[in-house]
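First up is the structure itself, then whatever we jot down about it.
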Amino acid sequence: MKPKIETINNETIVCLGENNCAKWARGKERQVLSILNADCAEAREILTQLGYDKKSIAELTSDACGCPQVDPMFCSDPEVRKFIAAWRPAYIPYRRYNTLPAEARELIDELMRRGYVKVLTCCVEYDEECRCVKAERGFFITARAVDYDKCIKYSRNKCAMTVRQAIAGILSYLGQSSAPGSR
């Protein structure tokens, strides 16, 4: 969604849509972007329009554009360490996309249009100190468990395929497990 930026009484007001507006304040950029619930592209667009430089934009959008970061504070907890070691975001490696059958690529494209899949570079493997040891670029499945039963394809106004079925279908081509669980 294209942001709308106006100056009213010497205050900058940023809007995403008609009623989703917030007062812009230097030093509180992250909070404002969070209030507006801006995604990566929207956050970058707002900051660009407001004249921020590339370095500042990269820094201020790291939350919206990055991937879940592991907090090293929890690494002393054996349960959490086990979780980190086993955690793999469900993703389709970028290099594999073109080798997939047309049907799987169409499903990925549909999930991307609906916002359940994003192209990201993320850490997929951490060491025991929670440092990233392997990053991958790919189509990352960002759907939450609550999204899995939403319909993405209809046939004669009946649900033909849910997000869960699409993810399971794609992952079956990659020889991975079925739909991932909630993170």
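Each chain in the structure tokens gets a letter, A, B and so on, in the order shown; residues start at 1 in every chain, and ligands are counted from 1 in the order they appear.
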
Quick one: residues within 9 Å of stretch 96-98 of chain A, only C-alpha atoms counted, chain neighbours fewer than 3 positions away excluded, as an mmCIF file with N, CA and C atoms, in the first residue's frame?
```cif
data_model
loop_
_atom_site.group_PDB
_atom_site.id
_atom_site.type_symbol
_atom_site.label_atom_id
_atom_site.label_comp_id
_atom_site.auth_asym_id
_atom_site.auth_seq_id
_atom_site.Cartn_x
_atom_site.Cartn_y
_atom_site.Cartn_z
ATOM 1 N N ILE A 92 11.841 -22.648 0.546
ATOM 2 C CA ILE A 92 12.175 -23.277 -0.726
ATOM 3 C C ILE A 92 13.427 -22.567 -1.212
ATOM 4 N N PRO A 93 14.558 -23.257 -1.303
ATOM 5 C CA PRO A 93 15.777 -22.577 -1.739
ATOM 6 C C PRO A 93 15.570 -21.893 -3.086
ATOM 7 N N PRO A 101 8.288 -28.322 -10.642
ATOM 8 C CA PRO A 101 7.246 -28.394 -11.682
ATOM 9 C C PRO A 101 6.412 -27.104 -11.676
ATOM 10 N N ALA A 102 5.796 -26.803 -12.817
ATOM 11 C CA ALA A 102 5.001 -25.573 -12.965
ATOM 12 C C ALA A 102 3.944 -25.451 -11.872
ATOM 13 N N ALA A 104 3.995 -26.486 -8.760
ATOM 14 C CA ALA A 104 4.595 -26.046 -7.488
ATOM 15 C C ALA A 104 4.967 -24.565 -7.556
ATOM 16 N N ARG A 105 5.501 -24.126 -8.692
ATOM 17 C CA ARG A 105 5.859 -22.698 -8.852
ATOM 18 C C ARG A 105 4.608 -21.819 -8.780
ATOM 19 N N ILE A 108 3.631 -21.481 -5.163
ATOM 20 C CA ILE A 108 4.533 -20.533 -4.481
ATOM 21 C C ILE A 108 4.132 -19.105 -4.843
ATOM 22 N N GLY A 138 15.838 -17.636 -0.072
ATOM 23 C CA GLY A 138 14.795 -18.482 -0.630
ATOM 24 C C GLY A 138 13.413 -17.938 -0.386
ATOM 25 N N PHE A 139 12.427 -18.751 -0.722
ATOM 26 C CA PHE A 139 11.022 -18.406 -0.512
ATOM 27 C C PHE A 139 10.654 -18.945 0.874
ATOM 28 N N LEU A 174 9.780 -31.054 -2.592
ATOM 29 C CA LEU A 174 11.146 -30.880 -2.088
ATOM 30 C C LEU A 174 11.579 -32.033 -1.214
#
```

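Residues with any atom within 8 Å of stretch 148-153 of chain A, counting only C-alpha atoms and excluding same-chain neighbours fewer than 2 positions away, are A:Glu110, A:Leu111, A:Arg114, A:Ala143, A:Arg144, A:Ala145, A:Val146, A:Ser155, A:Cys159, A:Ala160, A:Met161, A:Thr162, A:Val163, A:Arg164.
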
Residues near A:Thr142, anyone? I mean within 9 Å using only C-alpha atoms, not counting same-chain ones fewer than 2 positions away, as a list in words.
Pro89, Ala90, Tyr91, Gly115, Tyr116, Val117, Lys118, Phe140 and Arg144 of chain A

Tell me, as a ChimeraX atom specification, which residues lie within 10 Å of A:Val133, counting only C-alpha atoms; anything in the same chain fewer than 3 positions away does not count.
/A:123-127,130

List the neighbours of A:Thr12 out to 8 Å using only C-alpha atoms; skip same-chain residues closer than 3 positions along the sequence, and give me the result as a list in words.
Ile5, Glu6, Thr7, Ile8, Lys23, Trp24 and Ala25 of chain A

Do a neighbour search on stretch 46-53 of chain A at 12 Å with only C-alpha atoms, toss out local chain neighbours closer than 5 positions, and write the hits as a PyMOL selection string.
chain A and resi 1-7+12-16+22+24-26+29-30+32-33+36+38-41+58-61

So that I can check the secondary structure, give me every residue of chain A assigned helix (DSSP H, G or I) by backbone DSSP, as an NGL selection string.
:A and (29-35 or 40-49 or 54-60 or 62-65 or 72-76 or 78-86 or 94-97 or 102-113 or 145-147 or 163-173)

As an exercise, work out the distance from atom CA of A:Asp63 to atom CA of A:Cys75 in Å and give it to one decimal place.
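Interatomic distance, atom CA of A:Asp63 to atom CA of A:Cys75: 20.8 Å.
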
A:Ser76 surroundings by only C-alpha atoms, 10 Å radius, close-in-sequence under 4 positions cut, as a PyMOL selection string:
chain A and resi 72+80-81+128-130

Since we have the selection now, will you write its residues out, keeping N, CA and C atoms, as an mmCIF file, in the first residue's frame?
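File result_19.cif, as written:
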```
data_model
loop_
_atom_site.group_PDB
_atom_site.id
_atom_site.type_symbol
_atom_site.label_atom_id
_atom_site.label_comp_id
_atom_site.auth_asym_id
_atom_site.auth_seq_id
_atom_site.Cartn_x
_atom_site.Cartn_y
_atom_site.Cartn_z
ATOM 1 N N PRO A 72 20.435 -14.267 22.189
ATOM 2 C CA PRO A 72 21.469 -15.082 22.857
ATOM 3 C C PRO A 72 21.232 -15.234 24.363
ATOM 4 N N VAL A 80 15.730 -24.252 25.212
ATOM 5 C CA VAL A 80 15.763 -23.281 24.124
ATOM 6 C C VAL A 80 16.871 -23.634 23.142
ATOM 7 N N ARG A 81 18.002 -24.080 23.671
ATOM 8 C CA ARG A 81 19.124 -24.459 22.809
ATOM 9 C C ARG A 81 18.701 -25.594 21.871
ATOM 10 N N GLU A 128 25.955 -23.302 18.949
ATOM 11 C CA GLU A 128 25.503 -23.377 20.345
ATOM 12 C C GLU A 128 25.471 -22.018 21.027
ATOM 13 N N GLU A 129 26.249 -21.060 20.513
ATOM 14 C CA GLU A 129 26.229 -19.705 21.095
ATOM 15 C C GLU A 129 25.171 -18.839 20.424
ATOM 16 N N CYS A 130 24.324 -19.467 19.615
ATOM 17 C CA CYS A 130 23.253 -18.750 18.894
ATOM 18 C C CYS A 130 23.777 -17.828 17.804
#
```

Among stretch 1-182 of chain A, which ones does DSSP assign to strand (DSSP E or B) (computed from the backbone)? Answer as a VMD selection string.
chain A and resid 4 to 8 11 to 15 21 to 23 91 to 93 117 to 126 132 to 141 151 to 155 158 to 162

Give me a file of those residues, with C-alpha atoms, as a PDB file, in the first residue's frame.
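Result written to result37.pdb:
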```
ATOM      1  CA  LYS A   4       0.284   9.107   2.209  1.00  0.00           C
ATOM      2  CA  ILE A   5       2.392  11.748   3.936  1.00  0.00           C
ATOM      3  CA  GLU A   6       1.024  15.182   4.883  1.00  0.00           C
ATOM      4  CA  THR A   7       2.180  18.095   7.001  1.00  0.00           C
ATOM      5  CA  ILE A   8      -0.532  19.500   9.240  1.00  0.00           C
ATOM      6  CA  GLU A  11       3.488  17.953  12.182  1.00  0.00           C
ATOM      7  CA  THR A  12       4.143  15.135   9.737  1.00  0.00           C
ATOM      8  CA  ILE A  13       1.272  12.655   9.511  1.00  0.00           C
ATOM      9  CA  VAL A  14       1.877   9.314   7.790  1.00  0.00           C
ATOM     10  CA  CYS A  15      -1.069   7.184   6.648  1.00  0.00           C
ATOM     11  CA  CYS A  21      -2.457   7.180  10.463  1.00  0.00           C
ATOM     12  CA  ALA A  22       0.256   8.168  12.934  1.00  0.00           C
ATOM     13  CA  LYS A  23       2.258  11.264  13.802  1.00  0.00           C
ATOM     14  CA  TYR A  91      11.677 -22.450   2.914  1.00  0.00           C
ATOM     15  CA  ILE A  92      12.175 -23.277  -0.726  1.00  0.00           C
ATOM     16  CA  PRO A  93      15.777 -22.577  -1.739  1.00  0.00           C
ATOM     17  CA  VAL A 117       5.533 -16.617   1.485  1.00  0.00           C
ATOM     18  CA  LYS A 118       8.299 -14.003   1.179  1.00  0.00           C
ATOM     19  CA  VAL A 119      11.664 -13.982  -0.562  1.00  0.00           C
ATOM     20  CA  LEU A 120      14.186 -13.481   2.236  1.00  0.00           C
ATOM     21  CA  THR A 121      17.756 -14.155   3.222  1.00  0.00           C
ATOM     22  CA  CYS A 122      17.602 -15.795   6.623  1.00  0.00           C
ATOM     23  CA  CYS A 123      19.676 -17.716   9.081  1.00  0.00           C
ATOM     24  CA  VAL A 124      18.716 -21.380   8.927  1.00  0.00           C
ATOM     25  CA  GLU A 125      21.355 -22.778  11.241  1.00  0.00           C
ATOM     26  CA  TYR A 126      22.755 -21.497  14.529  1.00  0.00           C
ATOM     27  CA  CYS A 132      24.388 -17.757  12.606  1.00  0.00           C
ATOM     28  CA  VAL A 133      26.459 -20.373  10.812  1.00  0.00           C
ATOM     29  CA  LYS A 134      24.363 -20.828   7.673  1.00  0.00           C
ATOM     30  CA  ALA A 135      22.217 -18.337   5.825  1.00  0.00           C
ATOM     31  CA  GLU A 136      19.957 -19.175   2.894  1.00  0.00           C
ATOM     32  CA  ARG A 137      18.133 -17.103   0.327  1.00  0.00           C
ATOM     33  CA  GLY A 138      14.795 -18.482  -0.630  1.00  0.00           C
ATOM     34  CA  PHE A 139      11.022 -18.406  -0.512  1.00  0.00           C
ATOM     35  CA  PHE A 140      10.332 -18.487   3.223  1.00  0.00           C
ATOM     36  CA  ILE A 141       6.939 -19.632   4.456  1.00  0.00           C
ATOM     37  CA  CYS A 151      -8.528 -20.763   1.420  1.00  0.00           C
ATOM     38  CA  ILE A 152      -6.207 -19.697  -1.405  1.00  0.00           C
ATOM     39  CA  LYS A 153      -7.925 -21.357  -4.349  1.00  0.00           C
ATOM     40  CA  TYR A 154     -11.606 -21.580  -5.158  1.00  0.00           C
ATOM     41  CA  SER A 155     -13.536 -23.782  -7.557  1.00  0.00           C
ATOM     42  CA  LYS A 158     -16.021 -23.644  -2.946  1.00  0.00           C
ATOM     43  CA  CYS A 159     -12.613 -23.831  -1.320  1.00  0.00           C
ATOM     44  CA  ALA A 160     -10.400 -26.006  -3.506  1.00  0.00           C
ATOM     45  CA  MET A 161      -7.129 -25.537  -1.607  1.00  0.00           C
ATOM     46  CA  THR A 162      -6.052 -24.074   1.714  1.00  0.00           C
TER      47      THR A 162
END
```

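Computed from the coordinates, the atom CA of A:Asn20 to atom CA of A:Ser34 distance equals 11.5 Å.
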
Interatomic distance between atom CA of A:Asn37 and atom CA of A:Asn10?
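Interatomic distance here is 23.9 Å.
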